[in-house]
Amino acid sequence: MGIDDRPDLDVLVRSWRRWLERREALDAHDLDELESHLLDRVDELRAVGLHDDEAFLVAVKRLGAVDELSREYARVHSERLWTQLVLGDGDGSASGAASAPPGAARAPLPFARRAHGLAVALGLGVGAGLAVKVADLLTAEPTFFIRNAALLVLPFLVAWFAWKHRPPAGALAIVAGAFALAGVALNAYPFAAGAGTQLFASEPSMTELLAAVHAVVALWLVSGIAYAAGAWRSDAARMDFVRFSGEWAVYYLLIALGGGALSMLTVAVFGSIGVDVMTFVADWVLPCGAAGAVLVAAWLVEAKQRAIENIAPVLTKVFTPIFALMMLALIVAALLQWNLVDASRDLLIAFDLVLVVVLGLLVYAYSARDPLLPPGWFDRLQFVMLASALVVDLVVLVAMIARIGEFGPSANKAASLGLNLILLANLAWAAWLHLGFLRRRNAFDRLERWQTAYLPVYVGWSAIVVIVFPPLFGFA
Amino acid sequence: MRIGKDLVAAAATPVVLGILAEQESYGYAILQKVTELSGGELEWSDGMLYPLLHRLERAGHVESEWRTSASGRPRKHYRLSAQGAAMLAEQHRQWTVVGDVLDKLWSAPGPGPSGVAPAGA
C-alpha cells in the first residue's frame with residue numbers, strides 16, 4: 001500500500017457517494033453516517049492486509065444492496081420522497097434531522113432573513129393591503145381603484161424585489177420613474193365618464209379601462225428590472241423573471257381559491273350564529289387579502305425555488321397537446337362553416353387570448369426545457385400548435401381589419417388589433433425559429449433568446465396604450 | 001448456521017437497544033458488538049442497521065448526537081432514552097416468555113424436533 005493509494009480511495013468514496021445522492025430517501029446526513037461507517041470498515045479491512053480498492057469493494061458489498069437499503073430508508077423517512085418547503089429555516093435544503101453534524105452549525109440568521117424573509121414579505125403584504133384600504137377611505141371615486149390597482153400594490157412588490165435581490169440604485173430609479181409616469185398619466189388625464197350599461201355607480205371609460213389594464217402589464221414587466229437586480233439586459237435574468245411570473249400566477253390563483261373558500265366558510269359559520277360578516281369580508285378581507293396575496297405569492301415562489309418542482313411547466317406539458325388539438329379542430333370547423341367573416345365584436349379579443357395562451361404554453365415549455373436535448377415529439381407538437389394558431393389568427397385578422405375599415409376604429413378595436421399584431425409577429429418568428437430547430441438548423445438557445453428579447457415590445461406597447469391612447473381617442 | 005431473516009429482523013430491535021443500554025455507541029461499533037456477542041452468527045447487511053436506528057430515534061427510543069471521532073470523521077452517536085429503556089424492559093419480558101416456552105418444549109421428553117439439543121446441554 002503506497003502513499004498514492006490514498007487519493008484512489010477518496011475518488012472511489014466520492015463516486016460512491018454521488019451515486020447514493022440520487023436516492024431521494026437518503027439525505028446528506030445519512031450519507032455522512034454511511035460514509036463514516038464505510039471508512040471504518042475499510043480501515044478494519046486494510047488492517048488485515050487488503051488493498052484500498054479491495055477493502056472498498058468489500059465494505060460497499062457489506063453495506064448491502066442499494067435498492068433494498070434505500071427502500072428501507074424510505075420506509076422510515078417517507079416524507080423525504082415528497083420534497084417539502086421548510087418554513088422554519090433559513091434555507092430550503094435543511095432536513096428534518098434533529099441534530100446537525102459538527103461544522104454544519106451556523107450563526108442564527110437575523111430575524112428578517114429567516115424563512116426566506118417571510119417577515120419582510122408579510123410586512124410588505126400588510127403594507128399593500130393598507131395602501132388599498134387607505135386609498136379606499138380617502139377617495140369617493142369608485143373608478144380610482146380600477147385605475148390605480150397596479151400603482152397601489154406593485155410598489156410593494158418592487159420593494160420586496162429590492163430587499164431580496166439588491167438592485168443598484170440606478171435600476172430602482174428607472175422603475176420609480178416608470179411608476180411615476182404611469183401615475184401621472186392615469187390620474188391627470190381627464191377621462192370621460194363611461195357610457196354603456198350602468199352596472200356600477202360610475203363606469204370607467206374605454207380608454208381608462210384599457211390604460212388601467214395595460215398599466216398593470218407594463219408596470220409588472222418594469223418591476224422585473226428590480227427582480228433582475230438591474231441586469232435586465234441579460235437573457236437569463238429575463239427568463240428568470242418569466243419563470244417567476246408563471247409560478248407567481250399559479251400560486252396567486254391557489255391562494256385566491258383557498259382564500260375565497262375560507263371567506264365563504266367564515267361568512268356561513270358566522271351567519272349560522274346570526275352574525276353578518278359579509279360586509280367585513282367584502283370591505284376588508286377581500287381588498288386587503290387580494291393585495292397582500294401578491295406579496296405572499298412572490299415570497300412563496302422564491303422560498304420554494306429549489307425545494308419544489310416548478311408547476312407552470314408541468315401544466316404547460318399537460319395543456320399543450322390539448323390546446324393544439326383544439327386549434328386544429330377550430331381550423332376544421334372554420335373551414336366547414338366558413339363564417340369567421342361574420343365575426344362578432346368580441347372575436348378579436350378572444351383570439352388575442354388564444355394567442356396569449358399559445359405564447360404562454362410556448363414560453364413556459366421553453367423555460368423548463370433542457371436546451372441541449374435534441375428536438376423530440378413535444379417540440380413537434382409545439383410546432384403544430386404554433387402553426388395552427390397562426391393560421392386561425394390570420395383568418396380572423398383579415399376579417400377584423402375589414403370590419404374596422406367598415407365601421408371605423410375605436411380605442412378598443414385599436415388596442416385589440418395592436419396586441420394581436422404584436423403577438424402574431426412574435427409567434428410567426430417563433431414558429432420560423434422552431435421549424436429551424438426541428439430541422440436542426442439552429443440551436444434551442446435562439447428560440448429562448450427571441451422570447452426574452454421580445455419582452456420590451458410588450459412594455460412599449462402597454463406604455464403606448466396607457467399614455468398615447470387616451471388623448472388619441474379623446475379620453476372616451 | 002445462518003439465522004433466518006425473519007428472526008434476525010425480530011431480534012434486531014432488542015439487540016440494538018440492549019447494546020445501547022450498556023453504553024452509548026455508533027453504528028459501526030454496534031455492528032462489531034453484535035458480531036462479537038453472537039460469534040458471527042447473527043448478521044445483517046451493514047447498511048440496514050441505520051434505517052433501524054433512525055426508526056428507533058423517530059419513535060423516541062434513542063437519541064442521537066453528532067461527534068467527531070479520533071480520526072476526524074463525523075460520527076452519529078446514539079444513546080438509549082428513558083422511553084427506550086422502558087421499551088427494552090418490555091421486550092425483555094416478551095422474549096423471556098418466548099424463550100421459556102421454547103425451553104420447556106425442547107427440554108420436555110417426547111417427540112421434538114430431531115437434532116435440537118435440549119437447552120443447557
# chains A, B, ... in the order shown; residues from 1 in each chain; ligands from 1
$ residues_around --residues "Asp393 in chain A" --least-positions-apart "3" --cutoff "8 Å" --atoms "only C-alpha atoms" --output "mmCIF file with C-alpha atoms, in the first residue's frame"
data_model
loop_
_atom_site.group_PDB
_atom_site.id
_atom_site.type_symbol
_atom_site.label_atom_id
_atom_site.label_comp_id
_atom_site.auth_asym_id
_atom_site.auth_seq_id
_atom_site.Cartn_x
_atom_site.Cartn_y
_atom_site.Cartn_z
ATOM 1 C CA PHE A 351 -58.246 35.498 -30.372
ATOM 2 C CA ALA A 389 -52.702 29.228 -34.096
ATOM 3 C CA LEU A 390 -51.096 31.355 -36.807
ATOM 4 C CA VAL A 396 -59.567 36.309 -38.023
ATOM 5 C CA LEU A 397 -57.240 39.244 -38.541
ATOM 6 C CA LEU A 424 -48.714 37.445 -34.260
#
$ residues_around --residues "Gly4 in chain B" --least-positions-apart "4" --cutoff "10 Å" --atoms "only C-alpha atoms" --output "number ranges by chain"
B: 8-9, 42
$ write_last_selection --atoms "C-alpha atoms" --output "compact mmCIF listing (two decimals), in the first residue's frame"
# COMPACT_ATOMS: atom_id res chain seq x y z
CA VAL B 8 -32.94 -11.61 12.64
CA ALA B 9 -35.39 -8.81 11.93
CA LEU B 42 -26.25 -13.01 13.96
$ residues_around --residues "Val175 in chain A" --least-positions-apart "5" --cutoff "12 Å" --atoms "only C-alpha atoms" --output "short mmCIF file (atom, residue, chain, number, x, y, z; two decimals) with all heavy atoms, in the first residue's frame"
data_model
loop_
_atom_site.label_atom_id
_atom_site.label_comp_id
_atom_site.auth_asym_id
_atom_site.auth_seq_id
_atom_site.Cartn_x
_atom_site.Cartn_y
_atom_site.Cartn_z
N LEU A 151 -50.67 50.72 -9.33
CA LEU A 151 -49.86 51.72 -8.62
C LEU A 151 -49.92 51.53 -7.11
O LEU A 151 -48.98 51.89 -6.40
CB LEU A 151 -50.34 53.12 -8.98
CG LEU A 151 -49.94 53.59 -10.36
CD1 LEU A 151 -50.69 54.86 -10.72
CD2 LEU A 151 -48.45 53.82 -10.43
N LEU A 154 -48.16 47.23 -6.72
CA LEU A 154 -46.87 46.80 -7.27
C LEU A 154 -45.65 47.48 -6.64
O LEU A 154 -44.58 46.87 -6.58
CB LEU A 154 -46.85 46.98 -8.80
CG LEU A 154 -47.75 45.98 -9.54
CD1 LEU A 154 -47.62 46.15 -11.04
CD2 LEU A 154 -47.43 44.54 -9.16
N PRO A 155 -45.75 48.74 -6.15
CA PRO A 155 -44.57 49.30 -5.48
C PRO A 155 -44.10 48.43 -4.30
O PRO A 155 -42.89 48.34 -4.05
CB PRO A 155 -45.06 50.66 -4.98
CG PRO A 155 -46.11 51.05 -5.96
CD PRO A 155 -46.79 49.77 -6.33
N LEU A 157 -44.31 45.20 -4.24
CA LEU A 157 -43.61 44.08 -4.86
C LEU A 157 -42.19 44.51 -5.25
O LEU A 157 -41.23 43.76 -5.04
CB LEU A 157 -44.38 43.61 -6.11
CG LEU A 157 -43.86 42.33 -6.75
CD1 LEU A 157 -44.10 41.14 -5.84
CD2 LEU A 157 -44.52 42.09 -8.09
N VAL A 158 -42.08 45.72 -5.78
CA VAL A 158 -40.74 46.23 -6.13
C VAL A 158 -39.88 46.34 -4.88
O VAL A 158 -38.70 45.98 -4.89
CB VAL A 158 -40.86 47.60 -6.83
CG1 VAL A 158 -39.48 48.21 -7.04
CG2 VAL A 158 -41.56 47.46 -8.17
N ALA A 159 -40.49 46.78 -3.78
CA ALA A 159 -39.74 46.88 -2.52
C ALA A 159 -39.24 45.50 -2.10
O ALA A 159 -38.11 45.34 -1.63
CB ALA A 159 -40.63 47.48 -1.43
N PHE A 161 -38.63 42.92 -4.13
CA PHE A 161 -37.52 42.59 -5.03
C PHE A 161 -36.26 43.33 -4.60
O PHE A 161 -35.16 42.77 -4.61
CB PHE A 161 -37.85 42.98 -6.47
CG PHE A 161 -38.91 42.12 -7.12
CD1 PHE A 161 -39.66 42.62 -8.16
CD2 PHE A 161 -39.16 40.83 -6.67
CE1 PHE A 161 -40.63 41.84 -8.77
CE2 PHE A 161 -40.13 40.04 -7.27
CZ PHE A 161 -40.87 40.56 -8.32
N ALA A 162 -36.43 44.60 -4.26
CA ALA A 162 -35.28 45.42 -3.89
C ALA A 162 -34.61 44.85 -2.64
O ALA A 162 -33.38 44.79 -2.56
CB ALA A 162 -35.72 46.86 -3.64
N PRO A 167 -31.05 45.42 -6.12
CA PRO A 167 -30.68 46.04 -7.40
C PRO A 167 -29.93 47.35 -7.14
O PRO A 167 -30.09 47.96 -6.07
CB PRO A 167 -32.03 46.32 -8.06
CG PRO A 167 -32.99 46.42 -6.94
CD PRO A 167 -32.48 45.52 -5.85
N PRO A 168 -29.10 47.77 -8.10
CA PRO A 168 -28.41 49.05 -7.94
C PRO A 168 -29.41 50.21 -7.95
O PRO A 168 -30.52 50.07 -8.47
CB PRO A 168 -27.49 49.11 -9.16
CG PRO A 168 -28.04 48.13 -10.13
CD PRO A 168 -28.75 47.08 -9.34
N ALA A 169 -28.99 51.33 -7.39
CA ALA A 169 -29.90 52.47 -7.26
C ALA A 169 -30.41 52.94 -8.61
O ALA A 169 -31.57 53.35 -8.75
CB ALA A 169 -29.18 53.61 -6.53
N GLY A 170 -29.55 52.86 -9.64
CA GLY A 170 -29.96 53.31 -10.98
C GLY A 170 -31.16 52.53 -11.49
O GLY A 170 -32.11 53.10 -12.04
N ALA A 180 -43.91 56.60 -11.63
CA ALA A 180 -44.35 57.99 -11.54
C ALA A 180 -45.05 58.42 -12.82
O ALA A 180 -46.12 59.04 -12.79
CB ALA A 180 -43.14 58.89 -11.25
N LEU A 181 -44.45 58.02 -13.95
CA LEU A 181 -45.02 58.38 -15.25
C LEU A 181 -46.43 57.80 -15.39
O LEU A 181 -47.39 58.51 -15.78
CB LEU A 181 -44.11 57.84 -16.36
CG LEU A 181 -44.42 58.29 -17.78
CD1 LEU A 181 -44.22 59.78 -17.91
CD2 LEU A 181 -43.53 57.55 -18.78
N ALA A 182 -46.55 56.51 -15.04
CA ALA A 182 -47.86 55.86 -15.13
C ALA A 182 -48.84 56.54 -14.19
O ALA A 182 -50.02 56.75 -14.54
CB ALA A 182 -47.73 54.38 -14.79
N ALA A 218 -47.49 46.70 -18.06
CA ALA A 218 -46.23 47.44 -18.21
C ALA A 218 -45.48 47.51 -16.89
O ALA A 218 -44.27 47.25 -16.84
CB ALA A 218 -46.52 48.84 -18.74
N LEU A 219 -46.19 47.83 -15.81
CA LEU A 219 -45.51 48.01 -14.53
C LEU A 219 -45.01 46.67 -13.98
O LEU A 219 -43.98 46.61 -13.31
CB LEU A 219 -46.42 48.72 -13.53
CG LEU A 219 -46.73 50.17 -13.89
CD1 LEU A 219 -47.66 50.80 -12.87
CD2 LEU A 219 -45.44 50.99 -14.00
N TRP A 220 -45.77 45.60 -14.26
CA TRP A 220 -45.28 44.29 -13.84
C TRP A 220 -43.94 43.99 -14.50
O TRP A 220 -42.98 43.58 -13.85
CB TRP A 220 -46.31 43.20 -14.18
CG TRP A 220 -45.82 41.82 -13.83
CD1 TRP A 220 -45.07 41.00 -14.61
CD2 TRP A 220 -46.01 41.14 -12.59
NE1 TRP A 220 -44.78 39.84 -13.95
CE2 TRP A 220 -45.34 39.89 -12.70
CE3 TRP A 220 -46.67 41.45 -11.40
CZ2 TRP A 220 -45.33 38.96 -11.66
CZ3 TRP A 220 -46.65 40.53 -10.37
CH2 TRP A 220 -45.99 39.31 -10.51
N LEU A 221 -43.89 44.21 -15.82
CA LEU A 221 -42.64 43.92 -16.55
C LEU A 221 -41.52 44.85 -16.09
O LEU A 221 -40.37 44.43 -15.97
CB LEU A 221 -42.87 44.04 -18.06
CG LEU A 221 -43.74 42.93 -18.65
CD1 LEU A 221 -44.04 43.20 -20.12
CD2 LEU A 221 -43.07 41.57 -18.52
N VAL A 222 -41.87 46.11 -15.83
CA VAL A 222 -40.85 47.05 -15.36
C VAL A 222 -40.33 46.63 -13.98
O VAL A 222 -39.14 46.76 -13.69
CB VAL A 222 -41.42 48.48 -15.34
CG1 VAL A 222 -40.51 49.41 -14.57
CG2 VAL A 222 -41.59 49.00 -16.77
N SER A 223 -41.23 46.08 -13.15
CA SER A 223 -40.79 45.58 -11.84
C SER A 223 -39.71 44.52 -12.01
O SER A 223 -38.87 44.33 -11.13
CB SER A 223 -41.97 44.95 -11.08
OG SER A 223 -43.01 45.88 -10.96
N GLY A 224 -39.76 43.84 -13.16
CA GLY A 224 -38.74 42.83 -13.45
C GLY A 224 -37.33 43.39 -13.44
O GLY A 224 -36.38 42.66 -13.19
N ILE A 225 -37.19 44.69 -13.68
CA ILE A 225 -35.86 45.30 -13.63
C ILE A 225 -35.30 45.19 -12.22
O ILE A 225 -34.12 44.89 -12.02
CB ILE A 225 -35.93 46.78 -14.08
CG1 ILE A 225 -36.35 46.84 -15.55
CG2 ILE A 225 -34.58 47.46 -13.89
CD1 ILE A 225 -36.56 48.26 -16.06
N ALA A 226 -36.18 45.40 -11.23
CA ALA A 226 -35.74 45.25 -9.84
C ALA A 226 -35.47 43.78 -9.53
O ALA A 226 -34.51 43.45 -8.84
CB ALA A 226 -36.80 45.81 -8.88
N TYR A 227 -36.33 42.90 -10.08
CA TYR A 227 -36.14 41.46 -9.84
C TYR A 227 -34.79 41.00 -10.38
O TYR A 227 -34.08 40.23 -9.74
CB TYR A 227 -37.27 40.68 -10.52
CG TYR A 227 -37.16 39.19 -10.35
CD1 TYR A 227 -37.70 38.55 -9.24
CD2 TYR A 227 -36.50 38.41 -11.30
CE1 TYR A 227 -37.59 37.19 -9.08
CE2 TYR A 227 -36.39 37.05 -11.15
CZ TYR A 227 -36.93 36.44 -10.04
OH TYR A 227 -36.82 35.08 -9.88
N ALA A 228 -34.46 41.49 -11.58
CA ALA A 228 -33.22 41.07 -12.22
C ALA A 228 -32.01 41.78 -11.62
O ALA A 228 -30.91 41.65 -12.13
CB ALA A 228 -33.29 41.36 -13.72
N ALA A 229 -32.22 42.51 -10.52
CA ALA A 229 -31.14 43.24 -9.86
C ALA A 229 -30.40 44.14 -10.86
O ALA A 229 -29.18 44.26 -10.83
CB ALA A 229 -30.16 42.29 -9.18
N GLY A 230 -31.17 44.73 -11.76
CA GLY A 230 -30.57 45.67 -12.69
C GLY A 230 -30.02 45.02 -13.96
O GLY A 230 -29.77 45.71 -14.94
N TRP A 232 -31.18 43.69 -16.43
CA TRP A 232 -32.35 43.40 -17.25
C TRP A 232 -32.01 43.20 -18.71
O TRP A 232 -32.85 42.79 -19.50
CB TRP A 232 -33.40 44.49 -17.08
CG TRP A 232 -32.87 45.86 -17.37
CD1 TRP A 232 -32.18 46.66 -16.50
CD2 TRP A 232 -32.96 46.58 -18.59
NE1 TRP A 232 -31.84 47.83 -17.10
CE2 TRP A 232 -32.31 47.81 -18.39
CE3 TRP A 232 -33.53 46.31 -19.83
CZ2 TRP A 232 -32.21 48.76 -19.40
CZ3 TRP A 232 -33.43 47.27 -20.83
CH2 TRP A 232 -32.77 48.48 -20.61
#
$ residues_around --residues "Arg62 in chain A" --least-positions-apart "6" --cutoff "9 Å" --atoms "only C-alpha atoms" --output "list in words"
Leu38 and Arg41 of chain A; Trp44, Ser45, Asp46 and Gly47 of chain B
$ write_last_selection --atoms "N, CA and C atoms" --output "tab-separated table (two decimals), in the first residue's frame"
chain	number	residue	atom	x	y	z
A	38	LEU	N	-18.49	3.29	6.26
A	38	LEU	CA	-17.72	2.66	5.18
A	38	LEU	C	-16.23	2.80	5.44
A	41	ARG	N	-15.02	0.55	8.16
A	41	ARG	CA	-14.92	-0.82	7.66
A	41	ARG	C	-13.66	-0.97	6.80
B	44	TRP	N	-26.56	-9.04	9.75
B	44	TRP	CA	-27.37	-8.48	8.68
B	44	TRP	C	-26.48	-7.52	7.91
B	45	SER	N	-26.90	-7.12	6.73
B	45	SER	CA	-26.02	-6.26	5.94
B	45	SER	C	-25.84	-4.94	6.69
B	46	ASP	N	-24.61	-4.43	6.63
B	46	ASP	CA	-24.23	-3.28	7.46
B	46	ASP	C	-25.22	-2.13	7.37
B	47	GLY	N	-25.62	-1.82	6.13
B	47	GLY	CA	-26.43	-0.63	5.90
B	47	GLY	C	-27.76	-0.67	6.63
$ residues_around --residues "Pro14 in chain B" --least-positions-apart "3" --cutoff "7 Å" --atoms "only C-alpha atoms" --output "number ranges by chain"
B: 11, 17-18, 88, 91
$ interface_residues --of "chain B" --to "chain A" --cutoff "10 Å" --atoms "only C-alpha atoms" --output "PyMOL selection string"
chain B and resi 26-29+44-58+63-69+71-77
$ write_last_selection --atoms "N, CA and C atoms" --output "mmCIF file, in the first residue's frame"
data_model
loop_
_atom_site.group_PDB
_atom_site.id
_atom_site.type_symbol
_atom_site.label_atom_id
_atom_site.label_comp_id
_atom_site.auth_asym_id
_atom_site.auth_seq_id
_atom_site.Cartn_x
_atom_site.Cartn_y
_atom_site.Cartn_z
ATOM 1 N N TYR B 26 -22.033 4.070 18.331
ATOM 2 C CA TYR B 26 -22.352 4.488 16.956
ATOM 3 C C TYR B 26 -22.464 3.242 16.088
ATOM 4 N N GLY B 27 -22.979 3.405 14.884
ATOM 5 C CA GLY B 27 -23.361 2.275 14.042
ATOM 6 C C GLY B 27 -22.309 1.194 13.903
ATOM 7 N N TYR B 28 -21.118 1.613 13.520
ATOM 8 C CA TYR B 28 -20.086 0.610 13.237
ATOM 9 C C TYR B 28 -19.759 -0.201 14.488
ATOM 10 N N ALA B 29 -19.640 0.496 15.638
ATOM 11 C CA ALA B 29 -19.311 -0.189 16.883
ATOM 12 C C ALA B 29 -20.436 -1.132 17.305
ATOM 13 N N TRP B 44 -26.559 -9.038 9.752
ATOM 14 C CA TRP B 44 -27.371 -8.482 8.680
ATOM 15 C C TRP B 44 -26.483 -7.516 7.910
ATOM 16 N N SER B 45 -26.905 -7.120 6.725
ATOM 17 C CA SER B 45 -26.022 -6.257 5.944
ATOM 18 C C SER B 45 -25.835 -4.941 6.694
ATOM 19 N N ASP B 46 -24.606 -4.427 6.630
ATOM 20 C CA ASP B 46 -24.230 -3.278 7.459
ATOM 21 C C ASP B 46 -25.222 -2.128 7.369
ATOM 22 N N GLY B 47 -25.620 -1.822 6.132
ATOM 23 C CA GLY B 47 -26.431 -0.628 5.904
ATOM 24 C C GLY B 47 -27.757 -0.666 6.630
ATOM 25 N N MET B 48 -28.315 -1.872 6.763
ATOM 26 C CA MET B 48 -29.658 -1.997 7.328
ATOM 27 C C MET B 48 -29.756 -1.536 8.778
ATOM 28 N N LEU B 49 -28.613 -1.482 9.453
ATOM 29 C CA LEU B 49 -28.653 -1.022 10.842
ATOM 30 C C LEU B 49 -29.146 0.423 10.927
ATOM 31 N N TYR B 50 -28.779 1.236 9.924
ATOM 32 C CA TYR B 50 -29.041 2.669 10.050
ATOM 33 C C TYR B 50 -30.523 3.025 9.933
ATOM 34 N N PRO B 51 -31.242 2.453 8.951
ATOM 35 C CA PRO B 51 -32.687 2.715 8.956
ATOM 36 C C PRO B 51 -33.343 2.286 10.266
ATOM 37 N N LEU B 52 -32.832 1.163 10.844
ATOM 38 C CA LEU B 52 -33.393 0.703 12.125
ATOM 39 C C LEU B 52 -33.130 1.741 13.215
ATOM 40 N N LEU B 53 -31.895 2.232 13.274
ATOM 41 C CA LEU B 53 -31.565 3.250 14.280
ATOM 42 C C LEU B 53 -32.422 4.501 14.088
ATOM 43 N N HIS B 54 -32.627 4.871 12.829
ATOM 44 C CA HIS B 54 -33.431 6.073 12.566
ATOM 45 C C HIS B 54 -34.877 5.861 12.984
ATOM 46 N N ARG B 55 -35.370 4.626 12.771
ATOM 47 C CA ARG B 55 -36.746 4.346 13.179
ATOM 48 C C ARG B 55 -36.869 4.447 14.697
ATOM 49 N N LEU B 56 -35.874 3.905 15.401
ATOM 50 C CA LEU B 56 -35.893 3.962 16.867
ATOM 51 C C LEU B 56 -35.786 5.407 17.347
ATOM 52 N N GLU B 57 -34.965 6.199 16.624
ATOM 53 C CA GLU B 57 -34.804 7.602 17.009
ATOM 54 C C GLU B 57 -36.114 8.356 16.822
ATOM 55 N N ARG B 58 -36.758 8.054 15.684
ATOM 56 C CA ARG B 58 -38.019 8.718 15.371
ATOM 57 C C ARG B 58 -39.083 8.388 16.407
ATOM 58 N N GLU B 63 -31.700 8.586 21.349
ATOM 59 C CA GLU B 63 -31.379 9.961 20.997
ATOM 60 C C GLU B 63 -30.026 9.955 20.299
ATOM 61 N N SER B 64 -29.797 10.959 19.468
ATOM 62 C CA SER B 64 -28.531 10.934 18.734
ATOM 63 C C SER B 64 -27.821 12.261 18.843
ATOM 64 N N GLU B 65 -26.552 12.201 18.540
ATOM 65 C CA GLU B 65 -25.727 13.409 18.597
ATOM 66 C C GLU B 65 -24.532 13.201 17.679
ATOM 67 N N TRP B 66 -24.185 14.236 16.925
ATOM 68 C CA TRP B 66 -23.008 14.117 16.056
ATOM 69 C C TRP B 66 -21.760 14.475 16.843
ATOM 70 N N ARG B 67 -20.739 13.613 16.724
ATOM 71 C CA ARG B 67 -19.442 13.917 17.335
ATOM 72 C C ARG B 67 -18.369 13.652 16.298
ATOM 73 N N THR B 68 -17.179 14.022 16.648
ATOM 74 C CA THR B 68 -16.059 13.748 15.741
ATOM 75 C C THR B 68 -15.183 12.673 16.365
ATOM 76 N N SER B 69 -14.848 11.658 15.553
ATOM 77 C CA SER B 69 -14.028 10.568 16.073
ATOM 78 C C SER B 69 -12.586 11.021 16.185
ATOM 79 N N SER B 71 -10.188 9.923 14.573
ATOM 80 C CA SER B 71 -9.609 10.027 13.234
ATOM 81 C C SER B 71 -10.177 11.221 12.465
ATOM 82 N N GLY B 72 -11.036 12.003 13.117
ATOM 83 C CA GLY B 72 -11.557 13.208 12.480
ATOM 84 C C GLY B 72 -12.823 12.984 11.677
ATOM 85 N N ARG B 73 -13.381 11.782 11.737
ATOM 86 C CA ARG B 73 -14.608 11.512 10.987
ATOM 87 C C ARG B 73 -15.828 11.912 11.795
ATOM 88 N N PRO B 74 -16.842 12.475 11.122
ATOM 89 C CA PRO B 74 -18.079 12.748 11.872
ATOM 90 C C PRO B 74 -18.769 11.432 12.187
ATOM 91 N N ARG B 75 -19.249 11.297 13.412
ATOM 92 C CA ARG B 75 -19.939 10.066 13.790
ATOM 93 C C ARG B 75 -21.205 10.404 14.534
ATOM 94 N N LYS B 76 -22.263 9.693 14.196
ATOM 95 C CA LYS B 76 -23.529 9.930 14.879
ATOM 96 C C LYS B 76 -23.626 8.928 16.022
ATOM 97 N N HIS B 77 -23.609 9.458 17.243
ATOM 98 C CA HIS B 77 -23.690 8.594 18.416
ATOM 99 C C HIS B 77 -25.135 8.462 18.864
#
$ atom_distance --atom1 "CA of Leu423 in chain A" --atom2 "CA of Leu355 in chain A"
6.5 Å
$ residues_around --residues "Lys33 in chain B" --least-positions-apart "2" --cutoff "12 Å" --atoms "only C-alpha atoms" --output "compact mmCIF listing (two decimals) with C-alpha atoms, in the first residue's frame"
# COMPACT_ATOMS: atom_id res chain seq x y z
CA VAL B 15 -30.33 -6.46 20.43
CA VAL B 16 -29.60 -2.87 19.41
CA GLY B 18 -29.64 -3.86 24.67
CA ILE B 19 -26.25 -2.80 23.34
CA LEU B 20 -27.14 0.87 23.76
CA GLU B 22 -24.79 -0.72 28.24
CA GLN B 23 -23.32 2.46 26.81
CA SER B 25 -22.44 3.90 20.71
CA TYR B 26 -22.35 4.49 16.96
CA GLY B 27 -23.36 2.28 14.04
CA TYR B 28 -20.09 0.61 13.24
CA ALA B 29 -19.31 -0.19 16.88
CA ILE B 30 -22.83 -1.59 17.37
CA LEU B 31 -22.32 -4.00 14.47
CA THR B 35 -20.74 -9.90 15.72
CA GLU B 36 -18.69 -10.34 18.87
CA LEU B 37 -21.66 -11.33 21.04
CA SER B 38 -23.13 -13.79 18.55
CA GLY B 39 -19.84 -15.27 17.42
CA GLY B 40 -20.62 -14.01 13.93
CA LEU B 42 -26.25 -13.01 13.96
CA GLU B 43 -25.56 -10.84 10.96
$ atom_distance --atom1 "CA of Gly183 in chain A" --atom2 "CA of Ala282 in chain A"
26.4 Å
$ residues_around --residues "Ala119 in chain A" --least-positions-apart "6" --cutoff "12 Å" --atoms "only C-alpha atoms" --output "compact mmCIF listing (two decimals) with N, CA, C and O atoms, in the first residue's frame"
# COMPACT_ATOMS: atom_id res chain seq x y z
N LEU A 87 -40.45 25.87 6.27
CA LEU A 87 -40.74 27.27 6.60
C LEU A 87 -39.87 27.79 7.71
O LEU A 87 -39.58 28.96 7.78
N GLY A 88 -39.45 26.90 8.60
CA GLY A 88 -38.81 27.37 9.82
C GLY A 88 -37.34 27.72 9.66
O GLY A 88 -36.75 28.28 10.55
N PRO A 110 -30.42 36.66 11.16
CA PRO A 110 -31.21 37.77 11.69
C PRO A 110 -32.69 37.55 11.37
O PRO A 110 -33.02 36.89 10.38
N PHE A 111 -33.55 38.09 12.23
CA PHE A 111 -34.97 37.79 12.13
C PHE A 111 -35.52 38.00 10.72
O PHE A 111 -36.25 37.17 10.20
N ALA A 112 -35.15 39.12 10.09
CA ALA A 112 -35.73 39.45 8.78
C ALA A 112 -35.36 38.42 7.72
O ALA A 112 -36.10 38.18 6.78
N ARG A 113 -34.19 37.78 7.89
CA ARG A 113 -33.72 36.86 6.84
C ARG A 113 -34.27 35.45 7.03
O ARG A 113 -34.13 34.61 6.15
N GLY A 125 -46.76 42.84 2.53
CA GLY A 125 -48.12 42.43 2.17
C GLY A 125 -49.15 43.22 2.94
O GLY A 125 -50.15 43.70 2.38
N VAL A 126 -48.91 43.39 4.24
CA VAL A 126 -49.81 44.20 5.06
C VAL A 126 -49.80 45.64 4.55
O VAL A 126 -50.86 46.29 4.45
N TRP A 160 -40.09 44.50 -2.28
CA TRP A 160 -39.70 43.12 -1.95
C TRP A 160 -38.52 42.67 -2.82
O TRP A 160 -37.53 42.14 -2.31
N TRP A 163 -35.43 44.40 -1.69
CA TRP A 163 -34.87 43.84 -0.47
C TRP A 163 -34.19 42.51 -0.74
O TRP A 163 -33.13 42.20 -0.21
N LEU A 295 -47.84 39.73 -2.50
CA LEU A 295 -46.53 39.61 -1.86
C LEU A 295 -46.28 38.21 -1.34
O LEU A 295 -45.18 37.67 -1.46
N VAL A 296 -47.33 37.60 -0.77
CA VAL A 296 -47.15 36.25 -0.23
C VAL A 296 -46.82 35.28 -1.36
O VAL A 296 -45.94 34.42 -1.22
N TRP A 299 -43.28 35.76 -2.30
CA TRP A 299 -42.40 35.13 -1.32
C TRP A 299 -42.35 33.62 -1.53
O TRP A 299 -41.28 33.02 -1.51
$ select_by_dssp --residues "range 44-293 of chain A" --states "alpha helix (DSSP H)" --output "MDAnalysis selection string"
chainID A and resid 44:47 52:63 66:76 118:138 143:165 169:188 206:227 235:272 278:280 286:293
